[in-house]
>>> print(open('start_14.cif').read())   # mmCIF, C-alpha atoms
data_input
#
loop_
_atom_site.group_PDB
_atom_site.id
_atom_site.type_symbol
_atom_site.label_atom_id
_atom_site.label_comp_id
_atom_site.auth_asym_id
_atom_site.auth_seq_id
_atom_site.Cartn_x
_atom_site.Cartn_y
_atom_site.Cartn_z
ATOM 1 C CA MET R 1 3.896 -15.444 74.799
ATOM 2 C CA ALA R 2 4.051 -17.595 71.876
ATOM 3 C CA GLU R 3 5.171 -15.964 68.757
ATOM 4 C CA ARG R 4 2.389 -15.442 66.399
ATOM 5 C CA VAL R 5 2.605 -17.807 63.506
ATOM 6 C CA ILE R 6 1.605 -16.464 60.177
ATOM 7 C CA ALA R 7 0.707 -18.989 57.594
ATOM 8 C CA PRO R 8 2.893 -18.539 54.568
ATOM 9 C CA GLU R 9 1.113 -16.848 51.794
ATOM 10 C CA ARG R 10 0.455 -19.039 48.824
ATOM 11 C CA THR R 11 2.352 -17.718 45.895
ATOM 12 C CA ARG R 12 1.473 -18.401 42.286
ATOM 13 C CA SER R 13 4.001 -20.447 40.410
ATOM 14 C CA PRO R 14 4.620 -19.912 36.711
ATOM 15 C CA ALA R 15 2.663 -23.128 36.139
ATOM 16 C CA ASP R 16 -0.330 -21.615 37.922
ATOM 17 C CA GLY R 17 -0.086 -18.593 35.693
ATOM 18 C CA ARG R 18 -0.103 -20.701 32.582
ATOM 19 C CA ARG R 19 -3.088 -22.673 33.854
ATOM 20 C CA ALA R 20 -4.970 -19.475 34.669
ATOM 21 C CA GLU R 21 -4.256 -18.150 31.187
ATOM 22 C CA ARG R 22 -5.461 -21.388 29.664
ATOM 23 C CA ASP R 23 -8.703 -21.329 31.641
ATOM 24 C CA GLN R 24 -9.515 -17.709 30.954
ATOM 25 C CA PRO R 25 -12.261 -17.395 28.374
ATOM 26 C CA TRP R 26 -11.218 -15.897 25.091
ATOM 27 C CA GLU R 27 -13.449 -14.508 22.418
ATOM 28 C CA VAL R 28 -13.607 -15.058 18.687
ATOM 29 C CA VAL R 29 -14.314 -11.695 17.091
ATOM 30 C CA VAL R 30 -15.403 -11.259 13.476
ATOM 31 C CA TRP R 31 -14.825 -7.833 11.928
ATOM 32 C CA ASN R 32 -16.672 -6.100 9.142
ATOM 33 C CA ASP R 33 -15.200 -6.207 5.659
ATOM 34 C CA PRO R 34 -16.660 -3.864 3.033
ATOM 35 C CA VAL R 35 -16.642 -6.324 0.141
ATOM 36 C CA THR R 36 -17.378 -9.677 1.764
ATOM 37 C CA LEU R 37 -20.963 -10.648 0.958
ATOM 38 C CA MET R 38 -23.326 -10.774 3.917
ATOM 39 C CA SER R 39 -24.733 -14.073 2.676
ATOM 40 C CA TYR R 40 -21.209 -15.494 2.631
ATOM 41 C CA VAL R 41 -20.603 -14.466 6.252
ATOM 42 C CA VAL R 42 -23.827 -16.272 7.230
ATOM 43 C CA PHE R 43 -22.703 -19.364 5.321
ATOM 44 C CA VAL R 44 -19.285 -19.386 7.037
ATOM 45 C CA LEU R 45 -20.757 -18.935 10.528
ATOM 46 C CA ARG R 46 -23.150 -21.827 9.907
ATOM 47 C CA ARG R 47 -20.391 -23.961 8.456
ATOM 48 C CA ILE R 48 -17.785 -23.407 11.183
ATOM 49 C CA PHE R 49 -19.903 -23.056 14.318
ATOM 50 C CA GLY R 50 -22.979 -25.034 13.293
ATOM 51 C CA TYR R 51 -25.261 -22.067 13.958
ATOM 52 C CA ASP R 52 -28.784 -22.131 12.561
ATOM 53 C CA GLN R 53 -29.726 -19.562 9.944
ATOM 54 C CA PRO R 54 -31.369 -17.027 12.348
ATOM 55 C CA THR R 55 -28.397 -17.062 14.758
ATOM 56 C CA ALA R 56 -25.836 -16.738 11.977
ATOM 57 C CA THR R 57 -27.874 -13.945 10.378
ATOM 58 C CA ARG R 58 -28.147 -12.051 13.677
ATOM 59 C CA LEU R 59 -24.378 -12.236 14.204
ATOM 60 C CA MET R 60 -23.692 -11.198 10.614
ATOM 61 C CA LEU R 61 -25.962 -8.157 11.020
ATOM 62 C CA GLN R 62 -24.139 -7.238 14.220
ATOM 63 C CA VAL R 63 -20.841 -7.377 12.325
ATOM 64 C CA HIS R 64 -22.314 -5.246 9.575
ATOM 65 C CA THR R 65 -23.897 -2.576 11.777
ATOM 66 C CA GLU R 66 -21.469 -2.439 14.704
ATOM 67 C CA GLY R 67 -18.285 -3.326 12.872
ATOM 68 C CA ARG R 68 -17.626 -6.430 14.943
ATOM 69 C CA ALA R 69 -19.326 -9.286 16.771
ATOM 70 C CA VAL R 70 -18.214 -11.898 19.248
ATOM 71 C CA VAL R 71 -19.238 -15.127 17.532
ATOM 72 C CA ALA R 72 -17.872 -17.646 20.058
ATOM 73 C CA SER R 73 -15.848 -17.884 23.261
ATOM 74 C CA GLY R 74 -13.856 -20.469 25.165
ATOM 75 C CA PRO R 75 -10.303 -21.550 25.923
ATOM 76 C CA ARG R 76 -7.653 -19.788 23.890
ATOM 77 C CA GLU R 77 -6.610 -22.823 21.881
ATOM 78 C CA ARG R 78 -10.159 -23.445 20.700
ATOM 79 C CA ALA R 79 -10.709 -19.782 19.932
ATOM 80 C CA GLU R 80 -7.503 -19.769 17.907
ATOM 81 C CA ILE R 81 -8.559 -22.818 15.888
ATOM 82 C CA ALA R 82 -11.882 -21.119 15.091
ATOM 83 C CA VAL R 83 -10.075 -17.960 14.005
ATOM 84 C CA ALA R 84 -7.790 -20.004 11.748
ATOM 85 C CA GLN R 85 -10.892 -21.556 10.156
ATOM 86 C CA LEU R 86 -12.408 -18.103 9.682
ATOM 87 C CA HIS R 87 -9.135 -16.910 8.134
ATOM 88 C CA ALA R 88 -9.174 -19.918 5.810
ATOM 89 C CA HIS R 89 -12.568 -18.699 4.619
ATOM 90 C CA GLY R 90 -11.258 -15.170 4.148
ATOM 91 C CA LEU R 91 -13.052 -13.493 7.049
ATOM 92 C CA GLN R 92 -11.413 -10.846 9.215
ATOM 93 C CA ALA R 93 -11.266 -12.426 12.671
ATOM 94 C CA THR R 94 -9.245 -12.080 15.846
ATOM 95 C CA VAL R 95 -8.814 -13.772 19.220
ATOM 96 C CA ALA R 96 -9.329 -11.454 22.205
ATOM 97 C CA ARG R 97 -9.376 -11.766 25.973
ATOM 98 C CA ARG R 98 -12.873 -11.488 27.355
ATOM 99 C CA MET Y 1 -24.456 -16.692 -20.837
ATOM 100 C CA ALA Y 2 -23.116 -18.078 -17.580
ATOM 101 C CA ALA Y 3 -25.550 -20.004 -15.413
ATOM 102 C CA ILE Y 4 -25.208 -21.518 -11.960
ATOM 103 C CA ARG Y 5 -27.820 -23.976 -10.765
ATOM 104 C CA HIS Y 6 -28.515 -27.162 -8.874
ATOM 105 C CA ARG Y 7 -26.996 -30.265 -10.466
ATOM 106 C CA SER Y 8 -29.144 -31.803 -13.161
ATOM 107 C CA ASP Y 9 -28.137 -35.322 -12.007
ATOM 108 C CA GLY Y 10 -29.926 -34.698 -8.675
ATOM 109 C CA GLU Y 11 -26.745 -34.910 -6.593
ATOM 110 C CA ALA Y 12 -25.838 -32.244 -4.025
ATOM 111 C CA GLY Y 13 -23.508 -29.509 -5.156
ATOM 112 C CA ALA Y 14 -23.741 -27.151 -8.100
ATOM 113 C CA GLU Y 15 -23.587 -27.036 -11.842
ATOM 114 C CA LEU Y 16 -21.755 -24.235 -13.619
ATOM 115 C CA GLU Y 17 -22.432 -23.477 -17.222
ATOM 116 C CA LEU Y 18 -19.647 -21.348 -18.661
ATOM 117 C CA ASP Y 19 -18.824 -21.019 -22.336
ATOM 118 C CA ARG Y 20 -15.294 -20.891 -23.697
ATOM 119 C CA ASP Y 21 -15.046 -17.088 -23.558
ATOM 120 C CA GLU Y 22 -16.333 -16.952 -19.990
ATOM 121 C CA ARG Y 23 -13.867 -19.625 -18.910
ATOM 122 C CA ALA Y 24 -11.032 -17.737 -20.614
ATOM 123 C CA ALA Y 25 -12.073 -14.432 -19.028
ATOM 124 C CA LEU Y 26 -12.275 -15.934 -15.541
ATOM 125 C CA GLY Y 27 -8.970 -17.755 -16.042
ATOM 126 C CA SER Y 28 -7.303 -14.523 -17.092
ATOM 127 C CA LEU Y 29 -8.736 -12.748 -14.055
ATOM 128 C CA LEU Y 30 -7.434 -15.520 -11.838
ATOM 129 C CA ASP Y 31 -3.958 -15.176 -13.392
ATOM 130 C CA ARG Y 32 -3.925 -11.458 -12.652
ATOM 131 C CA LEU Y 33 -5.323 -11.687 -9.132
ATOM 132 C CA GLU Y 34 -3.381 -14.687 -7.839
ATOM 133 C CA PRO Y 35 -0.219 -12.628 -7.134
ATOM 134 C CA LEU Y 36 -2.387 -10.132 -5.220
ATOM 135 C CA VAL Y 37 -3.773 -12.915 -3.063
ATOM 136 C CA ALA Y 38 -0.210 -13.983 -2.239
ATOM 137 C CA ARG Y 39 0.819 -10.534 -1.001
ATOM 138 C CA SER Y 40 -2.376 -8.871 0.245
ATOM 139 C CA PRO Y 41 -2.336 -8.240 4.012
ATOM 140 C CA ARG Y 42 -6.153 -8.400 4.014
ATOM 141 C CA VAL Y 43 -5.981 -12.002 2.864
ATOM 142 C CA ALA Y 44 -3.825 -12.957 5.858
ATOM 143 C CA PRO Y 45 -5.057 -10.826 8.758
ATOM 144 C CA PRO Y 46 -3.608 -11.074 12.271
ATOM 145 C CA ALA Y 47 -5.256 -13.286 14.872
ATOM 146 C CA TYR Y 48 -3.735 -11.348 17.791
ATOM 147 C CA PRO Y 49 -3.259 -7.758 16.622
ATOM 148 C CA ASP Y 50 -2.227 -6.552 20.103
ATOM 149 C CA LEU Y 51 -0.316 -9.575 21.383
ATOM 150 C CA ALA Y 52 2.933 -9.836 19.452
ATOM 151 C CA GLU Y 53 4.198 -13.068 20.961
ATOM 152 C CA LEU Y 54 0.965 -14.960 20.374
ATOM 153 C CA GLU Y 55 0.679 -13.504 16.888
ATOM 154 C CA GLN Y 56 4.160 -14.716 16.048
ATOM 155 C CA GLU Y 57 3.277 -18.200 17.303
ATOM 156 C CA TYR Y 58 0.015 -18.153 15.315
ATOM 157 C CA ARG Y 59 1.820 -17.166 12.121
ATOM 158 C CA ARG Y 60 4.359 -19.915 12.671
ATOM 159 C CA LEU Y 61 1.805 -22.635 13.401
ATOM 160 C CA ALA Y 62 -1.159 -21.724 11.192
ATOM 161 C CA GLY Y 63 0.473 -19.595 8.503
ATOM 162 C CA PRO Y 64 1.822 -22.368 6.236
ATOM 163 C CA ASP Y 65 -1.453 -24.346 6.291
ATOM 164 C CA LEU Y 66 -3.487 -21.234 5.512
ATOM 165 C CA GLU Y 67 -1.174 -20.379 2.645
ATOM 166 C CA LEU Y 68 -1.528 -23.897 1.253
ATOM 167 C CA ALA Y 69 -5.325 -23.754 1.628
ATOM 168 C CA ARG Y 70 -5.447 -20.470 -0.280
ATOM 169 C CA ALA Y 71 -3.278 -21.803 -3.096
ATOM 170 C CA GLY Y 72 -5.308 -25.024 -3.181
ATOM 171 C CA ALA Y 73 -8.596 -23.146 -3.477
ATOM 172 C CA LEU Y 74 -7.347 -21.090 -6.412
ATOM 173 C CA ALA Y 75 -5.963 -24.238 -8.061
ATOM 174 C CA THR Y 76 -9.384 -25.930 -7.751
ATOM 175 C CA VAL Y 77 -11.052 -23.024 -9.546
ATOM 176 C CA ARG Y 78 -8.375 -22.998 -12.238
ATOM 177 C CA ARG Y 79 -8.749 -26.746 -12.801
ATOM 178 C CA LEU Y 80 -12.481 -26.450 -13.392
ATOM 179 C CA LEU Y 81 -12.064 -23.492 -15.732
ATOM 180 C CA GLN Y 82 -9.729 -25.612 -17.835
ATOM 181 C CA GLU Y 83 -12.394 -28.274 -18.378
ATOM 182 C CA PRO Y 84 -13.664 -28.241 -21.960
ATOM 183 C CA GLY Y 85 -17.148 -27.275 -20.746
ATOM 184 C CA PRO Y 86 -19.620 -25.831 -21.116
ATOM 185 C CA VAL Y 87 -21.095 -27.592 -18.058
ATOM 186 C CA SER Y 88 -19.005 -28.438 -14.991
ATOM 187 C CA ARG Y 89 -20.275 -30.130 -11.866
ATOM 188 C CA LEU Y 90 -19.142 -29.324 -8.342
ATOM 189 C CA ALA Y 91 -19.455 -31.617 -5.324
ATOM 190 C CA PRO Y 92 -20.608 -29.866 -2.101
ATOM 191 C CA GLY Y 93 -17.015 -29.639 -0.848
ATOM 192 C CA GLU Y 94 -15.959 -28.052 -4.115
ATOM 193 C CA VAL Y 95 -18.742 -25.478 -3.816
ATOM 194 C CA GLU Y 96 -17.231 -24.401 -0.509
ATOM 195 C CA VAL Y 97 -13.750 -24.248 -2.042
ATOM 196 C CA TRP Y 98 -15.123 -22.054 -4.832
ATOM 197 C CA LEU Y 99 -16.809 -19.772 -2.309
ATOM 198 C CA ARG Y 100 -13.535 -19.428 -0.399
ATOM 199 C CA ALA Y 101 -11.522 -18.781 -3.550
ATOM 200 C CA LEU Y 102 -13.959 -16.162 -4.825
ATOM 201 C CA ASN Y 103 -13.859 -14.379 -1.485
ATOM 202 C CA LEU Y 104 -10.057 -14.380 -1.480
ATOM 203 C CA LEU Y 105 -9.978 -12.887 -4.964
ATOM 204 C CA ARG Y 106 -12.506 -10.206 -4.035
ATOM 205 C CA ILE Y 107 -10.801 -9.098 -0.826
ATOM 206 C CA ALA Y 108 -7.374 -9.053 -2.494
ATOM 207 C CA LEU Y 109 -8.772 -6.950 -5.347
ATOM 208 C CA ALA Y 110 -10.595 -4.659 -2.916
ATOM 209 C CA GLY Y 111 -7.342 -4.084 -1.031
ATOM 210 C CA GLU Y 112 -5.535 -3.271 -4.264
ATOM 211 C CA ILE Y 113 -8.062 -0.673 -5.404
ATOM 212 C CA GLY Y 114 -8.382 0.856 -1.952
ATOM 213 C CA ILE Y 115 -11.864 -0.167 -0.844
ATOM 214 C CA ALA Y 116 -11.648 0.282 2.898
ATOM 215 C CA ALA Y 117 -15.146 1.081 4.161
ATOM 216 C CA ASP Y 118 -18.811 0.315 3.614
ATOM 217 C CA GLY Y 119 -20.653 2.567 1.196
ATOM 218 C CA TRP Y 120 -18.078 2.229 -1.582
ATOM 219 C CA GLU Y 121 -20.682 0.996 -4.076
ATOM 220 C CA ALA Y 122 -22.936 4.012 -3.574
ATOM 221 C CA ALA Y 123 -19.953 6.348 -3.920
ATOM 222 C CA LEU Y 124 -19.168 5.081 -7.438
ATOM 223 C CA SER Y 125 -20.631 6.597 -10.588
ATOM 224 C CA PRO Y 126 -22.482 4.270 -12.998
ATOM 225 C CA GLU Y 127 -19.420 4.432 -15.278
ATOM 226 C CA ASP Y 128 -17.117 3.423 -12.422
ATOM 227 C CA HIS Y 129 -19.111 0.239 -11.916
ATOM 228 C CA THR Y 130 -18.218 -0.869 -15.445
ATOM 229 C CA ARG Y 131 -14.496 -0.126 -15.106
ATOM 230 C CA PRO Y 132 -12.347 -3.267 -15.044
ATOM 231 C CA PRO Y 133 -11.526 -3.634 -11.336
ATOM 232 C CA TYR Y 134 -15.088 -2.952 -10.229
ATOM 233 C CA ALA Y 135 -16.605 -5.033 -13.017
ATOM 234 C CA ALA Y 136 -14.335 -7.908 -11.926
ATOM 235 C CA LEU Y 137 -15.409 -7.435 -8.300
ATOM 236 C CA HIS Y 138 -19.072 -7.553 -9.336
ATOM 237 C CA ALA Y 139 -18.585 -10.588 -11.610
ATOM 238 C CA LEU Y 140 -16.836 -12.581 -8.875
ATOM 239 C CA GLY Y 141 -19.499 -11.492 -6.390
ATOM 240 C CA TRP Y 142 -22.245 -12.584 -8.780
ATOM 241 C CA ILE Y 143 -20.806 -16.111 -9.026
ATOM 242 C CA GLN Y 144 -20.401 -16.264 -5.256
ATOM 243 C CA GLN Y 145 -23.952 -15.072 -4.654
ATOM 244 C CA GLU Y 146 -25.417 -17.521 -7.180
ATOM 245 C CA LEU Y 147 -23.602 -20.397 -5.453
ATOM 246 C CA LEU Y 148 -24.874 -19.205 -2.062
ATOM 247 C CA LEU Y 149 -28.441 -19.028 -3.378
ATOM 248 C CA LEU Y 150 -28.234 -22.779 -3.935
ATOM 249 C CA ASP Y 151 -28.033 -22.932 -0.125
ATOM 250 C CA PRO Y 152 -25.011 -25.197 0.201
ATOM 251 C CA VAL Y 153 -25.675 -27.399 3.221
ATOM 252 C CA PRO Y 154 -23.146 -26.794 5.973
ATOM 253 C CA GLU Y 155 -21.284 -29.989 6.697
ATOM 254 C CA GLY Y 156 -20.688 -31.032 10.296
#
>>> encode(input="start_14.cif", output="structure tokens")
Amino acid sequence: MAERVIAPERTRSPADGRRAERDQPWEVVVWNDPVTLMSYVVFVLRRIFGYDQPTATRLMLQVHTEGRAVVASGPRERAEIAVAQLHAHGLQATVARR
Amino acid sequence: MAAIRHRSDGEAGAELELDRDERAALGSLLDRLEPLVARSPRVAPPAYPDLAELEQEYRRLAGPDLELARAGALATVRRLLQEPGPVSRLAPGEVEVWLRALNLLRIALAGEIGIAADGWEAALSPEDHTRPPYAALHALGWIQQELLLLDPVPEG
């Protein structure tokens, strides 16, 4: 009887892990700040993400009422660039795994 | 009295009318708040609060540019305040720099006086609103709001 052949299990290399991490969607989160003007948050969201006024206003109101809002998502590098732009404008923002 | 309006030459941007005393008062405020901006943790928040390694990399890569941008924004405001006046004109890009600088000053000041949650305005007495740190916060917010009312067009 022929010995049963088991196909070797595919193992993940470190390179695979890095690729998976790169491809995983990340979120750009804006947090409420008690002194930042609501109109300024709307301006920054329009300026950085190109949102129209109603979209930017809806996200700003979510930040204001819920304390945070996910304003964009995508690969980590792009999320990080957006957060750096938000930081340059003085908004409280973080990058988070989805 | 200070006025902020669309440019009278018809170009995009803003026109600020500030007399000598107003320029001096804002310049003095800037002098006092600039060191706060440099050391306030709220001005330089973390990008990855729960991921130490990524946060360290972010600070290393983005930190110096952000610091330069903050200093540059404050320098732009200072430069305009030093113009003889009373009317100064801002290009659209300068309006954005002013908005950024004013926000930096306000969040640094808010951190210093311990404003940590919404509702702080309602919790103050009418007298509190006229005390120096709060009056400064309101004055900077007024300029920022007036600039925003001009609806600066987001650039692509």
>>> atom_distance(input="start_14.cif", atom1="atom CA of R:Val63", atom2="atom CA of Y:Ala122")
19.7 Å
>>> interface_residues(input="start_14.cif", of="chain Y", to="chain R", cutoff="9 Å", atoms="only C-alpha atoms", output="PyMOL selection string")
chain Y and resi 42-50+58+62-63+65-67+69-70+96-97+99-101+103-104+106-107+110+115-120+137+141+144-145+148-149+151-156
>>> atom_distance(input="start_14.cif", atom1="atom CA of R:Pro54", atom2="atom CA of Y:Leu16")
28.6 Å
>>> residues_near_point(input="start_14.cif", point="(-19.9, -26.4, -12.0)", cutoff="10 Å", atoms="only C-alpha atoms", output="ChimeraX atom specification")
/Y:3-7,13-18,77,80-81,85-91,94-95,98,147
>>> closest_residue(input="start_14.cif", among="Y:Leu102, Y:Leu150, Y:Ala71, Y:Leu109", to="Y:Pro132", atoms="only C-alpha atoms")
Y:Leu109
>>> atom_distance(input="start_14.cif", atom1="atom CA of Y:Ala135", atom2="atom CA of Y:Ala25")
12.0 Å
>>> residues_near_point(input="start_14.cif", point="(-27.1, -11.1, 15.5)", cutoff="12 Å", atoms="all atoms listed in the file", output="PyMOL selection string")
chain R and resi 30+41-42+45+51-66+68-71
>>> closest_residue(input="start_14.cif", among="Y:Leu51, Y:Leu30, Y:Leu124, Y:Ala75", to="Y:Ala136", atoms="only C-alpha atoms")
Y:Leu30
>>> axis_aligned_box(input="start_14.cif", around="stretch 63-80 of chain R", padding_each_side="4 Å", output="AutoDock Vina command-line options")
--center_x -15.3 --center_y -12.9 --center_z 17.7 --size_x 25.3 --size_y 29.0 --size_z 24.3
>>> closest_residue(input="start_14.cif", among="Y:Pro133, Y:Pro84, Y:Pro92, Y:Ala38", to="Y:Arg20", atoms="only C-alpha atoms")
Y:Pro84
>>> decode(input="start_14.cif", residues="stretch 49-65 of chain R", atoms="N, CA and C atoms", output="compact mmCIF listing (two decimals), in the first residue's frame")
# COMPACT_ATOMS: atom_id res chain seq x y z
N PHE R 49 -9.53 65.81 1.92
CA PHE R 49 -10.12 64.64 1.25
C PHE R 49 -10.97 65.01 0.04
N GLY R 50 -11.17 66.30 -0.20
CA GLY R 50 -11.97 66.72 -1.33
C GLY R 50 -13.45 66.47 -1.15
N TYR R 51 -13.90 66.29 0.09
CA TYR R 51 -15.32 66.04 0.32
C TYR R 51 -16.14 67.28 0.00
N ASP R 52 -17.39 67.05 -0.43
CA ASP R 52 -18.29 68.20 -0.61
C ASP R 52 -18.77 68.66 0.78
N GLN R 53 -19.41 69.80 0.79
CA GLN R 53 -19.81 70.40 2.07
C GLN R 53 -20.72 69.48 2.89
N PRO R 54 -21.77 68.86 2.27
CA PRO R 54 -22.65 68.00 3.09
C PRO R 54 -21.91 66.80 3.70
N THR R 55 -21.02 66.17 2.93
CA THR R 55 -20.28 65.01 3.46
C THR R 55 -19.37 65.44 4.60
N ALA R 56 -18.64 66.53 4.38
CA ALA R 56 -17.71 67.00 5.42
C ALA R 56 -18.49 67.41 6.67
N THR R 57 -19.65 68.02 6.48
CA THR R 57 -20.46 68.45 7.63
C THR R 57 -20.98 67.23 8.40
N ARG R 58 -21.43 66.21 7.66
CA ARG R 58 -21.93 64.99 8.32
C ARG R 58 -20.83 64.34 9.16
N LEU R 59 -19.62 64.26 8.60
CA LEU R 59 -18.52 63.65 9.35
C LEU R 59 -18.15 64.49 10.57
N MET R 60 -18.14 65.81 10.38
CA MET R 60 -17.82 66.70 11.51
C MET R 60 -18.83 66.50 12.64
N LEU R 61 -20.12 66.40 12.27
CA LEU R 61 -21.15 66.24 13.30
C LEU R 61 -21.01 64.90 14.02
N GLN R 62 -20.56 63.89 13.27
CA GLN R 62 -20.32 62.59 13.90
C GLN R 62 -19.17 62.70 14.92
N VAL R 63 -18.12 63.42 14.53
CA VAL R 63 -17.02 63.65 15.47
C VAL R 63 -17.53 64.35 16.71
N HIS R 64 -18.34 65.36 16.49
CA HIS R 64 -18.83 66.19 17.60
C HIS R 64 -19.75 65.41 18.54
N THR R 65 -20.64 64.60 17.97
CA THR R 65 -21.64 63.93 18.82
C THR R 65 -21.15 62.59 19.36
